[in-house]
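Below: one structure, written as structure tokens.
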Amino acid sequence: MERFNAFRIHHNTVSGHHAGMESIDVDTLTPGNLLVKVAYSSVNYKDALAGTGKARILRHYPLNGGIDLAGHVVASREATFKEGDAVLCTGSGLSETRDGGYACYARPDPHSTIPLPTGLSLRESMILGTAGFTAALSLLHMQNNRQTPTSGPIAITGASGGVGQLAIDIYSRAGYEVHAISAKTEHFERLRSLGATQCIDRHALAFRDKPLDTVRFGAVLDNLGGAMLAGLLPQVTAGGNVALCGNTAGMHFKTTVMPFIIRGVNLLGIASAHATHELREAVWQYLAGPWKPRHLERILSEEITVKDLPNKFNRMLAGQSFGRTLVHLESA
């Protein structure tokens, strides 16, 4: 098999972090029983941190970046997969302990690799990627914890990002009223067109620093953490759920026990990277069926190749990212 291009990440004590395009062969890849020719990947905040070295995401080096991939099986020693099968994989050690999706070929963990569900194309699956999977997994956990549309609106923080926009589309399609919270007020019309009933300027939110506040939301999907999470918890209705899936505003937050022991608010941690195979299949069936976003192409903001990744990472970390970015590998 010919050599191919990959975005490869290195780190050592002498030269520190460096990453970029390299020509490698299949033998360079993490060993495994499944070889996939990658068609598409995507760009997530975690990818930007790993690719720039702003956070030590990788457990060992070097590895190809990219926590998402979708493509076709070209070789398999697993009974559940055969050559030609369309598959996808998100998280599951990609660009952490295994070579990721920013290469023409990858060997994902077969136990976390999902057959492409009917109703989704490879391209659509990577517009969704980890972001869409996280949004849908959060809703599934909330519903399993008795969240219903009659509980009240779901607030989505970081609503202009990839997870946020997909969540607006998914949750509104599932019958929920959605209130989008974002600092990017210039995008409010776009968020309304995706299904948001209300758009709230993050900077205009007034938190009264009280253990319990006036109920405003039935649930929250929080991408931010920090002070935003602390401020919203006292505003959630009795028995409501707060699904926490990000920390772009801080890893720490100050709160009291009152929302939990007086109103029975539930704080749900969403760890999408380590979901079980059974849970992955269930979530992707929702994403291919009743929760499939109606505006995927509108949420897709740009399509790039691996050589464009460094510029994209820098813009994302500078807060200049909007929506989802698709990485096209077939041209690499």
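Labeling convention for the structure tokens: chains A, B, ... as they appear, residues from 1 per chain, ligands from 1 in order of appearance.
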
- [ ] Extract, using only C-alpha atoms, all DNA, RNA and protein residues at most 10 Å from range 135-144 of chain A, discarding same-chain residues fewer than 2 positions from it, and format them as a count of residues only.
- [x] 50

Open item on the list: Going by DSSP on the backbone, which residues of range 140-223 of chain A come out as helix (DSSP H, G or I)? List them as a PyMOL selection string.
Closed with: chain A and resi 140-144+149-151+162-173+185-194+202-204

Open item on the list: When DSSP is applied to the backbone of this structure, which of range 14-259 of chain A are assigned strand (DSSP E)? Write them out as JSON, numbers by chain.
Closed with: {"A": [16, 17, 18, 19, 20, 21, 22, 23, 24, 34, 35, 36, 37, 38, 39, 40, 41, 42, 63, 64, 68, 69, 70, 71, 72, 73, 74, 75, 76, 86, 87, 88, 89, 90, 105, 106, 114, 115, 154, 155, 156, 178, 179, 180, 181, 182, 198, 199, 200, 201, 217, 218, 219, 220, 221, 222, 236, 237, 238, 239, 240, 241, 242, 243, 244]}

Task: Which residue of A:His111, A:Leu212, A:Ile304, A:Pro62 approaches Asn12 in chain A most closely, using only C-alpha atoms - done: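 Under the stated criterion, the closest residue is A:Pro62.
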
Each residue of range 286-328 of chain A with at least one atom at most 8 Å from range 36-56 of chain A should appear once, together with its nearest atom pair and the corresponding distance in Å (one decimal); atoms considered: only C-alpha atoms; ordering: chain, then increasing residue number; output as a tab-separated table.
```
residue	atom	partner	partner_atom	distance
A:Pro310	CA	A:Gly51	CA	7.3
A:Lys312	CA	A:Ala48	CA	7.9
A:Phe313	CA	A:Ala48	CA	4.5
A:Asn314	CA	A:Ala48	CA	7.3
A:Met316	CA	A:Ala48	CA	7.0
A:Leu317	CA	A:Ala48	CA	6.9
A:Arg324	CA	A:Val43	CA	7.3
A:Thr325	CA	A:Val43	CA	5.6
A:Leu326	CA	A:Ser42	CA	4.5
A:Val327	CA	A:Ser41	CA	4.9
A:His328	CA	A:Tyr40	CA	4.9
```

Restricted to all heavy atoms, what would the selected residues look like written as a compact mmCIF listing (two decimals), in the first residue's frame?
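Dumped to out.txt:
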```txt
# COMPACT_ATOMS: atom_id res chain seq x y z
N PRO A 310 -3.89 23.54 11.01
CA PRO A 310 -3.28 24.48 11.96
C PRO A 310 -3.98 25.83 12.02
O PRO A 310 -4.21 26.36 13.11
CB PRO A 310 -1.84 24.61 11.43
CG PRO A 310 -1.58 23.31 10.74
CD PRO A 310 -2.89 22.95 10.09
N LYS A 312 -7.10 26.42 11.27
CA LYS A 312 -8.41 26.22 11.88
C LYS A 312 -8.29 26.10 13.39
O LYS A 312 -9.10 26.68 14.13
CB LYS A 312 -9.06 24.96 11.30
CG LYS A 312 -10.40 24.61 11.94
CD LYS A 312 -11.42 25.72 11.76
CE LYS A 312 -12.69 25.43 12.53
NZ LYS A 312 -13.71 26.51 12.36
N PHE A 313 -7.30 25.37 13.88
CA PHE A 313 -7.11 25.22 15.32
C PHE A 313 -6.91 26.57 15.98
O PHE A 313 -7.51 26.86 17.03
CB PHE A 313 -5.89 24.35 15.61
CG PHE A 313 -6.04 22.91 15.22
CD1 PHE A 313 -4.91 22.13 15.00
CD2 PHE A 313 -7.27 22.32 15.07
CE1 PHE A 313 -5.02 20.79 14.65
CE2 PHE A 313 -7.41 20.98 14.72
CZ PHE A 313 -6.26 20.22 14.50
N ASN A 314 -6.07 27.41 15.40
CA ASN A 314 -5.79 28.72 15.99
C ASN A 314 -7.04 29.60 16.03
O ASN A 314 -7.29 30.30 17.02
CB ASN A 314 -4.67 29.42 15.21
CG ASN A 314 -3.33 28.76 15.42
OD1 ASN A 314 -3.05 28.20 16.48
ND2 ASN A 314 -2.46 28.81 14.42
N MET A 316 -10.13 28.53 16.12
CA MET A 316 -11.07 27.96 17.09
C MET A 316 -10.70 28.36 18.51
O MET A 316 -11.56 28.77 19.31
CB MET A 316 -11.10 26.44 16.94
CG MET A 316 -12.02 25.74 17.95
SD MET A 316 -12.20 23.97 17.64
CE MET A 316 -13.49 23.98 16.41
N LEU A 317 -9.43 28.27 18.86
CA LEU A 317 -8.99 28.61 20.21
C LEU A 317 -9.09 30.10 20.49
O LEU A 317 -9.15 30.51 21.65
CB LEU A 317 -7.57 28.11 20.44
CG LEU A 317 -7.40 26.57 20.42
CD1 LEU A 317 -5.95 26.20 20.66
CD2 LEU A 317 -8.30 25.91 21.46
N ARG A 324 -19.87 23.87 12.54
CA ARG A 324 -19.07 22.66 12.40
C ARG A 324 -18.13 22.77 11.21
O ARG A 324 -18.43 23.39 10.20
CB ARG A 324 -19.98 21.45 12.21
CG ARG A 324 -20.75 21.09 13.45
CD ARG A 324 -19.84 20.43 14.48
NE ARG A 324 -19.50 19.07 14.09
CZ ARG A 324 -18.43 18.42 14.55
NH1 ARG A 324 -17.60 18.98 15.38
NH2 ARG A 324 -18.20 17.18 14.14
N THR A 325 -16.97 22.12 11.35
CA THR A 325 -15.98 22.07 10.27
C THR A 325 -15.75 20.62 9.89
O THR A 325 -15.42 19.79 10.73
CB THR A 325 -14.65 22.71 10.71
OG1 THR A 325 -14.88 24.09 11.02
CG2 THR A 325 -13.61 22.60 9.61
N LEU A 326 -15.91 20.33 8.61
CA LEU A 326 -15.72 18.99 8.07
C LEU A 326 -14.32 18.90 7.48
O LEU A 326 -13.86 19.82 6.80
CB LEU A 326 -16.76 18.73 6.99
CG LEU A 326 -16.93 17.32 6.47
CD1 LEU A 326 -17.53 16.41 7.54
CD2 LEU A 326 -17.84 17.33 5.23
N VAL A 327 -13.63 17.79 7.74
CA VAL A 327 -12.31 17.55 7.17
C VAL A 327 -12.45 16.45 6.13
O VAL A 327 -12.88 15.33 6.45
CB VAL A 327 -11.29 17.13 8.26
CG1 VAL A 327 -9.90 16.96 7.64
CG2 VAL A 327 -11.24 18.17 9.37
N HIS A 328 -12.08 16.78 4.89
CA HIS A 328 -12.22 15.86 3.77
C HIS A 328 -10.89 15.16 3.56
O HIS A 328 -9.89 15.78 3.24
CB HIS A 328 -12.63 16.63 2.52
CG HIS A 328 -13.01 15.78 1.37
ND1 HIS A 328 -12.71 16.10 0.07
CD2 HIS A 328 -13.67 14.60 1.31
CE1 HIS A 328 -13.16 15.16 -0.74
NE2 HIS A 328 -13.74 14.24 -0.01
```

Open item on the list: Between CA of Phe217 in chain A and CA of Ile262 in chain A, what distance in Å does the model show, to one decimal?
Closed with: 15.9 Å

Task: Surrounding residues of Asp68 in chain A excluding itself and chain neighbours under 5 positions, 6 Å, only C-alpha atoms, as a list in words - done: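 Skipping anything fewer than 5 positions along the chain leaves Ser41, Cys89, Thr90 and Gly101 of chain A.
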
Please write the residues from the selection above to a file, keeping all heavy atoms, as a short mmCIF file (atom, residue, chain, number, x, y, z; two decimals), in the first residue's frame.
```cif
data_model
loop_
_atom_site.label_atom_id
_atom_site.label_comp_id
_atom_site.auth_asym_id
_atom_site.auth_seq_id
_atom_site.Cartn_x
_atom_site.Cartn_y
_atom_site.Cartn_z
N SER A 41 -13.43 13.46 8.50
CA SER A 41 -13.29 13.66 9.93
C SER A 41 -13.92 15.01 10.24
O SER A 41 -14.64 15.57 9.42
CB SER A 41 -11.81 13.59 10.34
OG SER A 41 -11.68 13.70 11.75
N CYS A 89 -16.54 6.22 13.81
CA CYS A 89 -16.02 6.09 15.17
C CYS A 89 -15.76 7.49 15.71
O CYS A 89 -15.21 8.34 15.01
CB CYS A 89 -14.73 5.26 15.18
SG CYS A 89 -14.11 4.89 16.85
N THR A 90 -16.16 7.73 16.95
CA THR A 90 -15.89 9.01 17.61
C THR A 90 -15.30 8.74 18.99
O THR A 90 -15.69 7.79 19.66
CB THR A 90 -17.18 9.84 17.78
OG1 THR A 90 -18.11 9.11 18.58
CG2 THR A 90 -17.81 10.15 16.43
N GLY A 101 -8.30 10.31 13.15
CA GLY A 101 -8.91 10.38 11.83
C GLY A 101 -8.30 11.35 10.85
O GLY A 101 -8.78 11.45 9.72
#
```
